[in-house]
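Encoded as structure tokens, the structure appears first; notes follow it.
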Amino acid sequence: PMACWLWCALRRRDLVVDCHTGAFHSRRWVWARPLHRWVLKRASAVLVHNDDALALVKGWGAAGLLVPDDLPLSDEAQGRPAPTRPMIVVAGSFDDNEPVRLVLDAVRLLPEVEVRLTGDPELIAPEVRRGAPPNAVFTGFLPYPAFLGELMAADVVAAFSTDPQIMN
């Protein structure tokens, strides 16, 4: 946003910033919060995706605008074979805020259910991956249509995080 603000200032253009929740609450971006506050107050509009972020940017004096994510249409989903047993999809990425060990402990309690976990399995400690129960399937990152197909085929979809600000 800082580089865009400078460009807009030099060319006398309006700046619109799209802020995802991680920009405000992720440990990765905590150092940038004062910069965000400064630049967002100077933007013509700040797009946010939940009510908490809207309250935050408006509290900073920024022109916040709530733009919730659209729900996908079922025809966007890639078809996949129907599951042969009950299936749960745990939609995630395996970021630090996802309680992967606890999820795998719960998966062990459901041996008759296939639990498909999305995200980059390389982010999981090797010993955790090796110790996963046989009914846990690590899909890796999926193209969006394939991801939607997984969600459509599932009996249950879950997303877990220890971050109360995340938008799952």
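Ordering of the structure tokens sets the chain letters (A, B, ...); residue numbers start at 1 within each chain; ligands are numbered from 1 in the order shown.
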Can you tell me, as an MDAnalysis selection string, what residues are no more than 12 Å from Ala136 of chain A when counting only C-alpha atoms, ignoring any on the same chain fewer than 6 positions away?
chainID A and resid 87:90 100:101 103:118 121 128:130
Mind dumping the selected residues with N, CA, C and O atoms as an mmCIF file, in the first residue's frame?
```cif
data_model
loop_
_atom_site.group_PDB
_atom_site.id
_atom_site.type_symbol
_atom_site.label_atom_id
_atom_site.label_comp_id
_atom_site.auth_asym_id
_atom_site.auth_seq_id
_atom_site.Cartn_x
_atom_site.Cartn_y
_atom_site.Cartn_z
ATOM 1 N N MET A 87 -17.101 -38.658 4.553
ATOM 2 C CA MET A 87 -15.899 -37.862 4.283
ATOM 3 C C MET A 87 -16.027 -36.479 4.912
ATOM 4 O O MET A 87 -17.065 -35.813 4.788
ATOM 5 N N ILE A 88 -14.948 -36.081 5.564
ATOM 6 C CA ILE A 88 -14.812 -34.737 6.118
ATOM 7 C C ILE A 88 -13.659 -34.068 5.394
ATOM 8 O O ILE A 88 -12.605 -34.679 5.202
ATOM 9 N N VAL A 89 -13.853 -32.831 4.997
ATOM 10 C CA VAL A 89 -12.761 -32.029 4.441
ATOM 11 C C VAL A 89 -12.416 -30.957 5.461
ATOM 12 O O VAL A 89 -13.293 -30.207 5.907
ATOM 13 N N VAL A 90 -11.151 -30.929 5.845
ATOM 14 C CA VAL A 90 -10.642 -29.863 6.721
ATOM 15 C C VAL A 90 -9.918 -28.886 5.809
ATOM 16 O O VAL A 90 -8.833 -29.182 5.301
ATOM 17 N N VAL A 100 -3.079 -28.538 13.922
ATOM 18 C CA VAL A 100 -3.002 -29.769 13.127
ATOM 19 C C VAL A 100 -2.918 -31.004 14.016
ATOM 20 O O VAL A 100 -3.596 -32.006 13.772
ATOM 21 N N ARG A 101 -2.079 -30.973 15.035
ATOM 22 C CA ARG A 101 -1.948 -32.153 15.915
ATOM 23 C C ARG A 101 -3.284 -32.516 16.554
ATOM 24 O O ARG A 101 -3.643 -33.699 16.634
ATOM 25 N N VAL A 103 -6.278 -31.820 15.395
ATOM 26 C CA VAL A 103 -7.162 -32.340 14.349
ATOM 27 C C VAL A 103 -6.841 -33.805 14.081
ATOM 28 O O VAL A 103 -7.735 -34.653 13.995
ATOM 29 N N LEU A 104 -5.555 -34.127 13.961
ATOM 30 C CA LEU A 104 -5.170 -35.526 13.705
ATOM 31 C C LEU A 104 -5.545 -36.428 14.877
ATOM 32 O O LEU A 104 -5.921 -37.588 14.669
ATOM 33 N N ASP A 105 -5.470 -35.915 16.105
ATOM 34 C CA ASP A 105 -5.932 -36.695 17.262
ATOM 35 C C ASP A 105 -7.428 -37.002 17.126
ATOM 36 O O ASP A 105 -7.874 -38.108 17.429
ATOM 37 N N ALA A 106 -8.210 -36.018 16.662
ATOM 38 C CA ALA A 106 -9.645 -36.236 16.469
ATOM 39 C C ALA A 106 -9.899 -37.215 15.324
ATOM 40 O O ALA A 106 -10.802 -38.051 15.409
ATOM 41 N N VAL A 107 -9.089 -37.145 14.278
ATOM 42 C CA VAL A 107 -9.244 -38.058 13.134
ATOM 43 C C VAL A 107 -9.069 -39.506 13.594
ATOM 44 O O VAL A 107 -9.758 -40.408 13.115
ATOM 45 N N ARG A 108 -8.148 -39.741 14.525
ATOM 46 C CA ARG A 108 -7.930 -41.103 15.054
ATOM 47 C C ARG A 108 -9.194 -41.674 15.689
ATOM 48 O O ARG A 108 -9.379 -42.883 15.725
ATOM 49 N N LEU A 109 -10.053 -40.800 16.192
ATOM 50 C CA LEU A 109 -11.285 -41.247 16.852
ATOM 51 C C LEU A 109 -12.373 -41.633 15.854
ATOM 52 O O LEU A 109 -13.422 -42.147 16.251
ATOM 53 N N LEU A 110 -12.134 -41.380 14.559
ATOM 54 C CA LEU A 110 -13.130 -41.649 13.520
ATOM 55 C C LEU A 110 -12.547 -42.545 12.427
ATOM 56 O O LEU A 110 -12.499 -42.154 11.259
ATOM 57 N N PRO A 111 -12.132 -43.765 12.744
ATOM 58 C CA PRO A 111 -11.452 -44.591 11.744
ATOM 59 C C PRO A 111 -12.318 -44.942 10.529
ATOM 60 O O PRO A 111 -11.790 -45.237 9.455
ATOM 61 N N GLU A 112 -13.639 -44.860 10.669
ATOM 62 C CA GLU A 112 -14.528 -45.200 9.554
ATOM 63 C C GLU A 112 -14.757 -44.017 8.606
ATOM 64 O O GLU A 112 -15.406 -44.150 7.575
ATOM 65 N N VAL A 113 -14.199 -42.856 8.953
ATOM 66 C CA VAL A 113 -14.398 -41.635 8.171
ATOM 67 C C VAL A 113 -13.090 -41.253 7.488
ATOM 68 O O VAL A 113 -12.031 -41.256 8.111
ATOM 69 N N GLU A 114 -13.160 -40.932 6.200
ATOM 70 C CA GLU A 114 -11.989 -40.381 5.510
ATOM 71 C C GLU A 114 -11.954 -38.879 5.781
ATOM 72 O O GLU A 114 -12.956 -38.183 5.560
ATOM 73 N N VAL A 115 -10.828 -38.411 6.279
ATOM 74 C CA VAL A 115 -10.672 -36.986 6.568
ATOM 75 C C VAL A 115 -9.597 -36.442 5.640
ATOM 76 O O VAL A 115 -8.444 -36.859 5.701
ATOM 77 N N ARG A 116 -10.011 -35.531 4.772
ATOM 78 C CA ARG A 116 -9.114 -34.968 3.762
ATOM 79 C C ARG A 116 -8.709 -33.568 4.216
ATOM 80 O O ARG A 116 -9.562 -32.726 4.455
ATOM 81 N N LEU A 117 -7.405 -33.364 4.350
ATOM 82 C CA LEU A 117 -6.874 -32.095 4.847
ATOM 83 C C LEU A 117 -6.174 -31.360 3.707
ATOM 84 O O LEU A 117 -5.242 -31.890 3.106
ATOM 85 N N THR A 118 -6.653 -30.154 3.418
ATOM 86 C CA THR A 118 -6.054 -29.376 2.336
ATOM 87 C C THR A 118 -4.938 -28.494 2.885
ATOM 88 O O THR A 118 -4.923 -28.156 4.061
ATOM 89 N N PRO A 121 1.409 -29.838 2.889
ATOM 90 C CA PRO A 121 1.855 -30.757 3.937
ATOM 91 C C PRO A 121 3.321 -30.550 4.326
ATOM 92 O O PRO A 121 3.738 -30.997 5.391
ATOM 93 N N VAL A 128 4.895 -35.405 12.588
ATOM 94 C CA VAL A 128 3.439 -35.294 12.681
ATOM 95 C C VAL A 128 2.803 -35.955 11.463
ATOM 96 O O VAL A 128 1.837 -36.715 11.593
ATOM 97 N N ARG A 129 3.353 -35.713 10.272
ATOM 98 C CA ARG A 129 2.828 -36.354 9.050
ATOM 99 C C ARG A 129 2.959 -37.870 9.141
ATOM 100 O O ARG A 129 2.030 -38.607 8.816
ATOM 101 N N ARG A 130 4.136 -38.329 9.575
ATOM 102 C CA ARG A 130 4.358 -39.783 9.666
ATOM 103 C C ARG A 130 3.415 -40.429 10.678
ATOM 104 O O ARG A 130 3.015 -41.574 10.508
#
```
Which polymer residues have any atom within 10 Å of an atom of Phe94 of chain A, counting only C-alpha atoms, with same-chain residues fewer than 4 positions away left out, as a PyMOL selection string?
chain A and resi 98-100+117-124+140+160-161
One residue among A:Ala91, A:Arg28, A:Leu15, A:Asp96 is nearest to Ala62 of chain A when using only C-alpha atoms, and that residue is A:Leu15
Quick one: residues within 10 Å of segment 68-71 of chain A, only C-alpha atoms, excluding same-chain residues fewer than 3 positions away - as an mmCIF file with N, CA, C and O atoms, in the first residue's frame?
```cif
data_model
loop_
_atom_site.group_PDB
_atom_site.id
_atom_site.type_symbol
_atom_site.label_atom_id
_atom_site.label_comp_id
_atom_site.auth_asym_id
_atom_site.auth_seq_id
_atom_site.Cartn_x
_atom_site.Cartn_y
_atom_site.Cartn_z
ATOM 1 N N LEU A 47 -11.056 -1.485 1.604
ATOM 2 C CA LEU A 47 -11.948 -2.637 1.518
ATOM 3 C C LEU A 47 -11.541 -3.652 2.575
ATOM 4 O O LEU A 47 -10.378 -4.038 2.658
ATOM 5 N N VAL A 48 -12.508 -4.074 3.390
ATOM 6 C CA VAL A 48 -12.260 -5.084 4.417
ATOM 7 C C VAL A 48 -13.307 -6.177 4.271
ATOM 8 O O VAL A 48 -14.330 -5.992 3.606
ATOM 9 N N HIS A 49 -13.063 -7.312 4.926
ATOM 10 C CA HIS A 49 -13.893 -8.484 4.669
ATOM 11 C C HIS A 49 -14.667 -8.991 5.869
ATOM 12 O O HIS A 49 -15.314 -10.034 5.780
ATOM 13 N N ASN A 50 -14.587 -8.277 7.006
ATOM 14 C CA ASN A 50 -15.439 -8.651 8.133
ATOM 15 C C ASN A 50 -15.694 -7.426 9.006
ATOM 16 O O ASN A 50 -15.040 -6.391 8.866
ATOM 17 N N ASP A 51 -16.668 -7.544 9.901
ATOM 18 C CA ASP A 51 -17.094 -6.409 10.720
ATOM 19 C C ASP A 51 -15.996 -5.930 11.671
ATOM 20 O O ASP A 51 -15.886 -4.726 11.928
ATOM 21 N N LEU A 65 -14.889 0.121 3.934
ATOM 22 C CA LEU A 65 -16.023 -0.384 3.171
ATOM 23 C C LEU A 65 -16.020 -1.905 3.292
ATOM 24 O O LEU A 65 -15.047 -2.557 2.929
ATOM 25 N N SER A 74 -22.074 -23.648 -7.301
ATOM 26 C CA SER A 74 -21.784 -25.078 -7.390
ATOM 27 C C SER A 74 -21.244 -25.470 -8.769
ATOM 28 O O SER A 74 -20.472 -26.429 -8.879
ATOM 29 N N MET A 167 -10.639 -15.208 8.857
ATOM 30 C CA MET A 167 -11.889 -15.334 8.118
ATOM 31 C C MET A 167 -11.858 -16.668 7.371
ATOM 32 O O MET A 167 -11.326 -16.778 6.286
#
```
Neighbouring residues of Val16 of chain A were defined as those with any atom within 8 Å, considering only C-alpha atoms; residues of the same chain fewer than 3 positions away were excluded. Please report them as a ChimeraX atom specification.
/A:43-47
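Proximity to Pro143 of chain A was assessed for A:Thr84, A:Gln78, A:Thr21, A:Asn97 counting only C-alpha atoms; the smallest distance is recorded for A:Gln78.
We find atom CA of Ala158 of chain A and atom CA of Ser93 of chain A to be spaced 12.4 Å apart.
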Write out as a PyMOL selection string each polymer residue whose atoms come within 9 Å of Ala53 of chain A, counting only C-alpha atoms; drop sequence neighbours fewer than 4 positions from it.
chain A and resi 19-21+24+48-49+57-58+64+66+165
Taking only segment 50-87 of chain A into account, list the residues labelled alpha helix (DSSP H) by DSSP (computed from the backbone), as a PyMOL selection string.
chain A and resi 51-59
As a PyMOL selection string, please: the residues near Tyr144 of chain A (cut-off 9 Å, only C-alpha atoms, same-chain neighbours under 2 positions excluded).
chain A and resi 76-78+142+146-149
Give me a file of those residues, with all heavy atoms, as a tab-separated table (two decimals), in the first residue's frame.
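New file part_36.tsv:
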```
chain	number	residue	atom	x	y	z
A	76	GLU	N	-19.04	-24.02	-10.37
A	76	GLU	CA	-17.61	-23.73	-10.42
A	76	GLU	C	-16.77	-24.93	-9.94
A	76	GLU	O	-15.57	-24.97	-10.14
A	76	GLU	CB	-17.27	-22.52	-9.54
A	76	GLU	CG	-17.87	-21.22	-10.01
A	76	GLU	CD	-17.55	-20.09	-9.05
A	76	GLU	OE1	-16.37	-19.68	-8.99
A	76	GLU	OE2	-18.47	-19.63	-8.35
A	77	ALA	N	-17.43	-25.88	-9.28
A	77	ALA	CA	-16.72	-27.03	-8.70
A	77	ALA	C	-16.41	-28.07	-9.76
A	77	ALA	O	-17.24	-28.38	-10.62
A	77	ALA	CB	-17.58	-27.66	-7.59
A	78	GLN	N	-15.21	-28.61	-9.66
A	78	GLN	CA	-14.80	-29.72	-10.53
A	78	GLN	C	-15.43	-30.99	-9.98
A	78	GLN	O	-15.38	-31.25	-8.77
A	78	GLN	CB	-13.29	-29.82	-10.52
A	78	GLN	CG	-12.71	-30.96	-11.32
A	78	GLN	CD	-11.19	-30.94	-11.22
A	78	GLN	OE1	-10.57	-29.89	-11.29
A	78	GLN	NE2	-10.60	-32.10	-11.03
A	142	LEU	N	-4.88	-27.42	-3.69
A	142	LEU	CA	-5.69	-27.84	-4.83
A	142	LEU	C	-6.06	-26.62	-5.67
A	142	LEU	O	-6.32	-25.54	-5.12
A	142	LEU	CB	-6.98	-28.50	-4.33
A	142	LEU	CG	-6.82	-29.76	-3.48
A	142	LEU	CD1	-8.16	-30.15	-2.87
A	142	LEU	CD2	-6.26	-30.89	-4.33
A	146	ALA	N	-10.98	-27.82	-8.10
A	146	ALA	CA	-10.82	-29.10	-7.41
A	146	ALA	C	-11.14	-28.94	-5.92
A	146	ALA	O	-11.77	-29.82	-5.30
A	146	ALA	CB	-9.41	-29.64	-7.61
A	147	PHE	N	-10.71	-27.83	-5.32
A	147	PHE	CA	-11.00	-27.56	-3.91
A	147	PHE	C	-12.51	-27.49	-3.70
A	147	PHE	O	-13.06	-28.10	-2.78
A	147	PHE	CB	-10.32	-26.25	-3.49
A	147	PHE	CG	-10.64	-25.80	-2.11
A	147	PHE	CD1	-10.13	-26.46	-1.01
A	147	PHE	CD2	-11.45	-24.69	-1.90
A	147	PHE	CE1	-10.42	-26.04	0.29
A	147	PHE	CE2	-11.75	-24.26	-0.61
A	147	PHE	CZ	-11.24	-24.94	0.48
A	148	LEU	N	-13.21	-26.75	-4.58
A	148	LEU	CA	-14.68	-26.67	-4.47
A	148	LEU	C	-15.31	-28.05	-4.64
A	148	LEU	O	-16.29	-28.37	-3.96
A	148	LEU	CB	-15.23	-25.70	-5.49
A	148	LEU	CG	-14.90	-24.22	-5.28
A	148	LEU	CD1	-15.50	-23.39	-6.41
A	148	LEU	CD2	-15.38	-23.73	-3.93
A	149	GLY	N	-14.76	-28.87	-5.55
A	149	GLY	CA	-15.28	-30.23	-5.73
A	149	GLY	C	-15.14	-31.05	-4.46
A	149	GLY	O	-16.05	-31.82	-4.11
```
